[in-house]
$ cat final-v2.pdb   # PDB, C-alpha atoms, pLDDT in the B column
ATOM      1  CA  MET A 271     134.055 109.029 120.948  1.00 50.00           C
ATOM      2  CA  GLU A 272     135.362 107.002 118.027  1.00 60.00           C
ATOM      3  CA  LEU A 273     136.762 109.217 115.251  1.00 61.00           C
ATOM      4  CA  ARG A 274     134.333 107.953 112.607  1.00 60.00           C
ATOM      5  CA  ASN A 275     131.338 108.694 114.867  1.00 60.00           C
ATOM      6  CA  PHE A 276     132.745 112.132 115.684  1.00 57.00           C
ATOM      7  CA  ILE A 277     132.990 112.910 111.993  1.00 56.00           C
ATOM      8  CA  LYS A 278     129.479 111.680 111.286  1.00 55.00           C
ATOM      9  CA  THR A 279     127.832 113.607 114.116  1.00 56.00           C
ATOM     10  CA  THR A 280     129.849 116.812 114.193  1.00 53.00           C
ATOM     11  CA  ILE A 281     130.785 117.411 110.584  1.00 53.00           C
ATOM     12  CA  ARG A 282     127.708 116.244 108.692  1.00 52.00           C
ATOM     13  CA  LYS A 283     125.390 118.642 110.531  1.00 51.00           C
ATOM     14  CA  TYR A 284     127.479 121.658 109.568  1.00 51.00           C
ATOM     15  CA  LEU A 285     128.272 120.540 106.036  1.00 52.00           C
ATOM     16  CA  HIS A 286     124.739 119.783 104.984  1.00 47.00           C
ATOM     17  CA  GLU A 287     123.693 123.268 106.074  1.00 53.00           C
ATOM     18  CA  GLN A 288     126.429 124.770 103.873  1.00 50.00           C
ATOM     19  CA  ARG A 289     126.327 122.373 100.889  1.00 39.00           C
ATOM     20  CA  GLU A 290     125.162 124.919  98.287  1.00 44.00           C
ATOM     21  CA  ILE A 291     128.563 126.635  98.354  1.00 62.00           C
ATOM     22  CA  PHE A 292     130.253 123.561  96.909  1.00 77.00           C
ATOM     23  CA  HIS A 293     127.703 122.270  94.432  1.00 89.00           C
ATOM     24  CA  THR A 294     129.857 123.093  91.387  1.00 95.00           C
ATOM     25  CA  LEU A 295     133.650 122.937  91.384  1.00 96.00           C
ATOM     26  CA  TYR A 296     136.228 123.706  88.692  1.00 96.00           C
ATOM     27  CA  HIS A 297     139.650 122.267  87.895  1.00 95.00           C
ATOM     28  CA  GLY A 298     142.045 123.849  85.410  1.00 92.00           C
ATOM     29  CA  THR A 299     144.366 121.607  83.431  1.00 90.00           C
ATOM     30  CA  ASP A 300     145.679 120.818  79.935  1.00 88.00           C
ATOM     31  CA  ILE A 301     143.480 119.237  77.274  1.00 90.00           C
ATOM     32  CA  ASN A 302     145.248 115.844  77.333  1.00 89.00           C
ATOM     33  CA  SER A 303     144.755 115.505  81.089  1.00 91.00           C
ATOM     34  CA  ALA A 304     141.127 116.580  80.739  1.00 94.00           C
ATOM     35  CA  ILE A 305     140.488 113.893  78.106  1.00 95.00           C
ATOM     36  CA  HIS A 306     142.229 111.307  80.282  1.00 95.00           C
ATOM     37  CA  ILE A 307     140.010 112.268  83.243  1.00 96.00           C
ATOM     38  CA  LYS A 308     136.913 112.142  81.042  1.00 97.00           C
ATOM     39  CA  ASN A 309     137.778 108.660  79.763  1.00 97.00           C
ATOM     40  CA  ASN A 310     139.311 107.117  82.897  1.00 97.00           C
ATOM     41  CA  GLY A 311     138.169 109.146  85.876  1.00 97.00           C
ATOM     42  CA  ILE A 312     140.206 111.022  88.443  1.00 97.00           C
ATOM     43  CA  ASP A 313     143.214 109.157  89.806  1.00 95.00           C
ATOM     44  CA  ILE A 314     144.466 110.711  93.060  1.00 95.00           C
ATOM     45  CA  SER A 315     147.706 108.729  92.839  1.00 90.00           C
ATOM     46  CA  LYS A 316     148.626 110.934  89.850  1.00 88.00           C
ATOM     47  CA  SER A 317     148.607 113.990  92.130  1.00 90.00           C
ATOM     48  CA  THR A 318     151.963 115.586  92.859  1.00 88.00           C
ATOM     49  CA  GLY A 319     150.799 116.617  96.307  1.00 88.00           C
ATOM     50  CA  GLY A 320     150.061 120.082  97.560  1.00 89.00           C
ATOM     51  CA  PHE A 321     149.569 122.122 100.701  1.00 91.00           C
ATOM     52  CA  PHE A 322     146.871 119.680 101.855  1.00 94.00           C
ATOM     53  CA  GLY A 323     148.513 116.519 100.581  1.00 94.00           C
ATOM     54  CA  TRP A 324     147.722 114.291  97.632  1.00 96.00           C
ATOM     55  CA  GLY A 325     144.312 115.146  96.266  1.00 96.00           C
ATOM     56  CA  PHE A 326     142.379 116.636  93.370  1.00 96.00           C
ATOM     57  CA  TYR A 327     142.576 120.416  93.760  1.00 94.00           C
ATOM     58  CA  THR A 328     139.505 122.374  92.693  1.00 95.00           C
ATOM     59  CA  THR A 329     137.859 125.729  93.310  1.00 94.00           C
ATOM     60  CA  PRO A 330     134.255 126.943  93.329  1.00 94.00           C
ATOM     61  CA  LYS A 331     135.424 129.897  91.191  1.00 93.00           C
ATOM     62  CA  PHE A 332     135.640 129.351  87.439  1.00 93.00           C
ATOM     63  CA  GLU A 333     137.921 132.344  86.851  1.00 91.00           C
ATOM     64  CA  LEU A 334     140.410 131.107  89.435  1.00 90.00           C
ATOM     65  CA  ALA A 335     140.559 127.672  87.791  1.00 90.00           C
ATOM     66  CA  LYS A 336     141.097 129.335  84.424  1.00 88.00           C
ATOM     67  CA  SER A 337     143.615 132.018  85.364  1.00 85.00           C
ATOM     68  CA  ASN A 338     145.686 130.157  87.950  1.00 79.00           C
ATOM     69  CA  TYR A 339     145.644 126.624  86.586  1.00 70.00           C
ATOM     70  CA  ALA A 340     144.416 126.202  83.023  1.00 62.00           C
ATOM     71  CA  ASP A 341     146.338 129.211  81.711  1.00 63.00           C
ATOM     72  CA  PHE A 342     149.538 127.909  83.294  1.00 64.00           C
ATOM     73  CA  SER A 343     149.160 124.343  82.080  1.00 64.00           C
ATOM     74  CA  ASP A 344     151.625 122.987  79.537  1.00 64.00           C
ATOM     75  CA  ASP A 345     148.878 123.259  76.938  1.00 59.00           C
ATOM     76  CA  GLU A 346     149.813 125.730  74.182  1.00 64.00           C
ATOM     77  CA  ASN A 347     146.107 126.575  73.846  1.00 67.00           C
ATOM     78  CA  ASP A 348     145.919 127.904  77.431  1.00 70.00           C
ATOM     79  CA  GLY A 349     144.397 124.749  78.848  1.00 87.00           C
ATOM     80  CA  VAL A 350     140.820 123.909  79.731  1.00 93.00           C
ATOM     81  CA  VAL A 351     138.601 123.937  82.788  1.00 95.00           C
ATOM     82  CA  LEU A 352     136.664 120.914  84.025  1.00 97.00           C
ATOM     83  CA  GLU A 353     133.260 121.676  85.481  1.00 98.00           C
ATOM     84  CA  LEU A 354     132.417 119.121  88.166  1.00 98.00           C
ATOM     85  CA  GLU A 355     129.403 118.466  90.335  1.00 97.00           C
ATOM     86  CA  LEU A 356     130.016 117.575  93.973  1.00 95.00           C
ATOM     87  CA  SER A 357     127.731 114.957  95.503  1.00 94.00           C
ATOM     88  CA  LYS A 358     125.327 116.351  98.067  1.00 89.00           C
ATOM     89  CA  ASN A 359     126.400 113.541 100.402  1.00 90.00           C
ATOM     90  CA  ALA A 360     130.103 114.392 100.244  1.00 93.00           C
ATOM     91  CA  ASN A 361     131.788 115.169 103.551  1.00 92.00           C
ATOM     92  CA  VAL A 362     134.062 118.129 102.916  1.00 93.00           C
ATOM     93  CA  LEU A 363     135.744 119.664 105.943  1.00 92.00           C
ATOM     94  CA  ASP A 364     135.490 123.453 106.065  1.00 90.00           C
ATOM     95  CA  LEU A 365     138.655 124.729 107.718  1.00 90.00           C
ATOM     96  CA  SER A 366     136.938 127.998 108.673  1.00 87.00           C
ATOM     97  CA  ASP A 367     134.766 125.937 111.056  1.00 84.00           C
ATOM     98  CA  SER A 368     136.433 125.215 114.413  1.00 86.00           C
ATOM     99  CA  ASP A 369     135.107 121.635 114.666  1.00 86.00           C
ATOM    100  CA  ASP A 370     136.273 120.812 111.149  1.00 88.00           C
ATOM    101  CA  TRP A 371     139.640 122.441 111.872  1.00 91.00           C
ATOM    102  CA  GLU A 372     140.068 120.225 114.950  1.00 92.00           C
ATOM    103  CA  THR A 373     139.295 117.167 112.833  1.00 92.00           C
ATOM    104  CA  TRP A 374     141.827 118.199 110.169  1.00 94.00           C
ATOM    105  CA  LYS A 375     144.514 118.729 112.823  1.00 94.00           C
ATOM    106  CA  LEU A 376     144.365 114.984 113.539  1.00 93.00           C
ATOM    107  CA  TYR A 377     145.711 114.384 110.007  1.00 94.00           C
ATOM    108  CA  SER A 378     147.662 117.531 109.146  1.00 93.00           C
ATOM    109  CA  ASP A 379     151.039 116.152 110.189  1.00 94.00           C
ATOM    110  CA  LYS A 380     150.632 113.400 107.558  1.00 94.00           C
ATOM    111  CA  ILE A 381     150.292 115.620 104.476  1.00 92.00           C
ATOM    112  CA  TYR A 382     153.567 114.297 103.048  1.00 93.00           C
ATOM    113  CA  ASN A 383     152.281 110.727 103.139  1.00 95.00           C
ATOM    114  CA  LYS A 384     151.126 109.763  99.636  1.00 94.00           C
ATOM    115  CA  ASN A 385     148.464 107.488 101.119  1.00 95.00           C
ATOM    116  CA  LEU A 386     146.881 110.008 103.480  1.00 96.00           C
ATOM    117  CA  TYR A 387     143.944 110.407 101.095  1.00 96.00           C
ATOM    118  CA  LYS A 388     143.121 106.719 101.576  1.00 96.00           C
ATOM    119  CA  GLU A 389     143.095 107.134 105.366  1.00 96.00           C
ATOM    120  CA  LEU A 390     140.876 110.213 105.089  1.00 96.00           C
ATOM    121  CA  ILE A 391     138.410 108.397 102.837  1.00 96.00           C
ATOM    122  CA  SER A 392     138.316 105.398 105.174  1.00 95.00           C
ATOM    123  CA  ASN A 393     137.416 107.790 108.007  1.00 94.00           C
ATOM    124  CA  GLY A 394     134.572 109.383 106.065  1.00 94.00           C
ATOM    125  CA  ILE A 395     136.338 112.531 104.838  1.00 95.00           C
ATOM    126  CA  ASP A 396     135.936 113.180 101.106  1.00 96.00           C
ATOM    127  CA  GLY A 397     137.771 116.500 100.940  1.00 95.00           C
ATOM    128  CA  LEU A 398     138.371 119.836 102.580  1.00 94.00           C
ATOM    129  CA  SER A 399     137.870 123.472 101.748  1.00 93.00           C
ATOM    130  CA  ASP A 400     140.078 126.347 102.762  1.00 90.00           C
ATOM    131  CA  ASN A 401     139.276 129.953 101.984  1.00 85.00           C
ATOM    132  CA  SER A 402     142.953 130.972 102.077  1.00 84.00           C
ATOM    133  CA  PHE A 403     143.232 129.747  98.466  1.00 84.00           C
ATOM    134  CA  ASP A 404     139.525 129.582  97.561  1.00 89.00           C
ATOM    135  CA  GLY A 405     140.019 125.903  97.044  1.00 91.00           C
ATOM    136  CA  VAL A 406     138.437 122.558  97.691  1.00 95.00           C
ATOM    137  CA  VAL A 407     140.720 119.531  97.778  1.00 96.00           C
ATOM    138  CA  ILE A 408     138.938 116.289  96.957  1.00 97.00           C
ATOM    139  CA  TYR A 409     140.439 113.082  98.340  1.00 98.00           C
ATOM    140  CA  ASN A 410     137.608 110.805  97.234  1.00 98.00           C
ATOM    141  CA  PRO A 411     137.010 111.297  93.487  1.00 98.00           C
ATOM    142  CA  SER A 412     133.832 109.195  93.583  1.00 98.00           C
ATOM    143  CA  VAL A 413     132.015 112.243  95.018  1.00 97.00           C
ATOM    144  CA  LEU A 414     132.640 114.184  91.783  1.00 98.00           C
ATOM    145  CA  THR A 415     130.829 113.961  88.457  1.00 97.00           C
ATOM    146  CA  LEU A 416     132.359 115.555  85.369  1.00 98.00           C
ATOM    147  CA  LYS A 417     129.721 117.819  83.802  1.00 98.00           C
ATOM    148  CA  ARG A 418     131.720 119.327  80.922  1.00 97.00           C
ATOM    149  CA  ILE A 419     135.086 120.479  79.633  1.00 96.00           C
ATOM    150  CA  ILE A 420     135.253 124.220  78.983  1.00 94.00           C
ATOM    151  CA  LYS A 421     137.821 125.514  76.486  1.00 87.00           C
TER     152      LYS A 421
END
$ encode --input "final-v2.pdb" --output "structure tokens"
Amino acid sequence: MELRNFIKTTIRKYLHEQREIFHTLYHGTDINSAIHIKNNGIDISKSTGGFFGWGFYTTPKFELAKSNYADFSDDENDGVVLELELSKNANVLDLSDSDDWETWKLYSDKIYNKNLYKELISNGIDGLSDNSFDGVVIYNPSVLTLKRIIK
């Protein structure tokens, strides 16, 4: 089965059943970055990478975004938290699901490639979630809508 068809048939069924979990996501950052995102959108190429490659790292937990990211930003005012809405049509792999894990394994050896996010998007993967860090990494920023900036 072609990879794109595998993703569409196997992943979508599971994800749409679980979508409520990832309706709202949070991202902690400094105020200048938040304003830049508000005015210009999210630019994945500005990512410095992470455990799951270049992406926009978020969490469904406000307090985690605040305490682990916003509070440690370079912002002297303890940073801010972006509240984002995830599109209901977004395809976010859930690494606690065995089928999604098998799909991710096809890409996991490429996490040091700065352009992996482009390959993932072209294969219908908008992000992934992993409960080991209560996070959701978004590779395709077009599936996110900024709702507000929380100080």
$ closest_atom_pairs --input "final-v2.pdb" --of "region 320-404 of chain A" --to "region 410-414 of chain A" --cutoff "6 Å" --atoms "all atoms listed in the file" --output "tab-separated table"
residue	atom	partner	partner_atom	distance
A:Glu355	CA	A:Leu414	CA	5.6
A:Leu356	CA	A:Leu414	CA	4.8
A:Ser357	CA	A:Val413	CA	5.1
A:Ala360	CA	A:Val413	CA	6.0
A:Asp396	CA	A:Asn410	CA	4.8
$ resolve_selection --input "final-v2.pdb" --expression "the PyMOL selection byres ((chain A and resi 321-333) around 10)" --output "PyMOL selection string"
chain A and resi 291-298+312-320+334-340+351-354+374+377-388+396-401+403-411+420
$ closest_residue --input "final-v2.pdb" --among "A:Asn310, A:Ser402, A:Thr415, A:Thr373" --to "Lys358 (chain A)" --atoms "only C-alpha atoms"
A:Thr415
